[in-house]
Amino acid sequence: MAVSVMPAADTLARTLLAARGAEWGDWSAGAVRETAGRLGWQVRLDEDGAMSIDPGVPGLACRAEPAEQAAGAPSVRFTAPLPIRADPTPTGGPGAATAQQFGYVAGQAGAWGTVPYVRDRGRELDAAHTRLGAALTATLGPAPWRGGPNAWLRWRSRGITLRLLRDDAHEALVMELFPTRVGEAFERRAFETAGSLAELPYIWCVSRPDMSLAELFLPFGPEPRDWVDFHAALPRVLSSLVVDMPLVGWVEPVLLVLGDVLEPAHTAEVRVGQDRLELGNVPGNGRQVWLRPGAEHAATAAESILEAFAFWGIDRARRLRTRAWTSGGYVDLPGIGVRPEGTHPDDA
C-alpha cells in the first residue's frame with residue numbers, strides 16, 4: 001500500500017517560522033534564491049518557468065512568486081495536501097480498485113475485493129487546520145486577524161505577513177508569506193476594483209484591538225451592483241461565518257443587526273456562535289435557533305431574512321445599514337456590501 005504523507009503540525013510550524021524569521025530582501029528572484037540557500041533549501045525552475053523550493057519536508061510543496069513574476073504581491077506559498085491512499089491490487093485479485101476503496105472482504109475465504117471505504121476528508125482537513133493553527137499560536141500568540149472564506153488566519157508584522165488558510169478544492173492547507181505593505185496595497189486595490197461582492201479578497205474578518213493592527217486596512221467593500229448581487233452575498237457570508245468561525249478559533253459570538261435605515265423596526269438580528277445560530281425579529285417566525293449549525297442552516301437563515309425584507313418592502317441595498325460587534329474585538333463584513341450605520345455618505 002502506498003500512502004502519501006502530510007507533515008506533522010509541529011514540523012510545518014518550524015518550517016514556517018524559519019521562513020517568517022528570514023530576511024527576504026526585496027523579494028526579487030535573486031533575493032529569494034539567496035534566502036532559500038541560507039535556510040538550506042533547494043531552488044529549481046519548473047518547465048513553466050515558476051520557481052519551486054524544496055524545504056526538505058516530505059509532503060510539503062513550495063512555490064515562490066518573486067517580484068519579477070508576481071501578478072500581485074510577491075510571495076512564498078507552501079501547500080500541504082491531505083494524504084492520498086493508493087492500494088495496489090493483490091496478486092490474484094478481482095481487478096484494480098479505485099483509490100480509497102480497496103479492502104479485505106471478510107467471510108469470503110480470505111478473498112480480496114472492493115468495499116466502501118468512506119472518509120470524511122472535510123473533517124480531516126479541519127483537524128489538520130486546527131492542529132497547525134494551534135502550533136503557530138503557541139509561538140506567535142493568537143492570530144490577531146481571522147476571517148473567511150477558507151478559514152484564514154493572519155499573523156502580521158510591519159515587514160512580513162504569514163497567512164494560513166484551507167483549500168477545499170484541492171484538500172490542502174495553504175501557508176503564504178508576503179511583504180506586508182505590498183500585499184495589503186494589492187488587497188486594497190482588489191477591494192476597490194471588484195466588480196461584484198463575489199470578487200472580494202475576503203468577505204468577513206474579526207480582529208483583536210492590537211497595536212499590530214494600527215496601520216491595517218479594514219475595507220467596507222463595494223456596494224452591491226444590484227439587489228441580485230446582495231441576494232447572493234448574504235447566504236455566502238452567513239455560511240462562511242457559521243462554517244469558518246469555529247475553525248479560526250474565534251469563540252465569542254458575532255452579532256449582526258441588518259435593516260432599513262429609514263425604519264429601525266424593520267431589522268433582522270443574527271447571532272453566530274461556535275455551536276449556535278440564532279435569528280430574531282423575522283415576521284411570522286419569532287426567534288429561530290439552530291444548534292451545531294452548518295452551511296445549510298445559514299442559507300435557511302439568509303432566506304428568512306430576505307423574505308422579511310420582501311415583507312417590509314425593502315428591495316434596494318442602499319437602504320440597508322448594519323451594526324455588527326463581538327466581545328473583545330472588531331468584526332467587519334465587507335462581503336455583504338452594506339455599510340455600518342453612520343458611515344454611509346447618505347447618512348451625513
# chains A, B, ... in the order shown; residues from 1 in each chain; ligands from 1
$ residues_around --residues "His231 in chain A" --least-positions-apart "5" --cutoff "12 Å" --atoms "only C-alpha atoms" --output "MDAnalysis selection string"
chainID A and resid 196:198 224:226 236:238 299 302:307 309:310 314:317 335:338
$ residues_around --residues "Trp27 in chain A" --least-positions-apart "3" --cutoff "7 Å" --atoms "only C-alpha atoms" --output "list in words"
Trp24, Ala31, Val32, Pro66, Ala67 and Pro74 of chain A
$ residues_around --residues "Leu16 in chain A" --least-positions-apart "4" --cutoff "12 Å" --atoms "only C-alpha atoms" --output "PyMOL selection string"
chain A and resi 9-12+20-22+39+55+57+60+62+76-80+132-133+135-136+139-140+155+161-164+174-177
$ select_by_dssp --residues "range 174-295 of chain A" --states "helix (DSSP H, G or I)" --output "ChimeraX atom specification"
/A:180-193,197-199,211-213,227-247,295
$ residues_around --residues "Ser75 in chain A" --least-positions-apart "5" --cutoff "6 Å" --atoms "only C-alpha atoms" --output "number ranges by chain"
A: 64-65, 177-178
$ residues_around --residues "range 253-266 of chain A" --least-positions-apart "6" --cutoff "10 Å" --atoms "only C-alpha atoms" --output "VMD selection string"
chain A and resid 206 241 to 242 245 272 to 283 305 308 to 309 311 to 314 316 to 327 329 to 331 333 338 to 342 347
$ atom_distance --atom1 "CA of Arg156 in chain A" --atom2 "CA of Gln42 in chain A"
26.6 Å
$ residues_around --residues "Glu199 in chain A" --least-positions-apart "5" --cutoff "10 Å" --atoms "only C-alpha atoms" --output "VMD selection string"
chain A and resid 190 to 191 193 to 194 335
$ atom_distance --atom1 "CA of Thr35 in chain A" --atom2 "CA of Arg158 in chain A"
18.9 Å
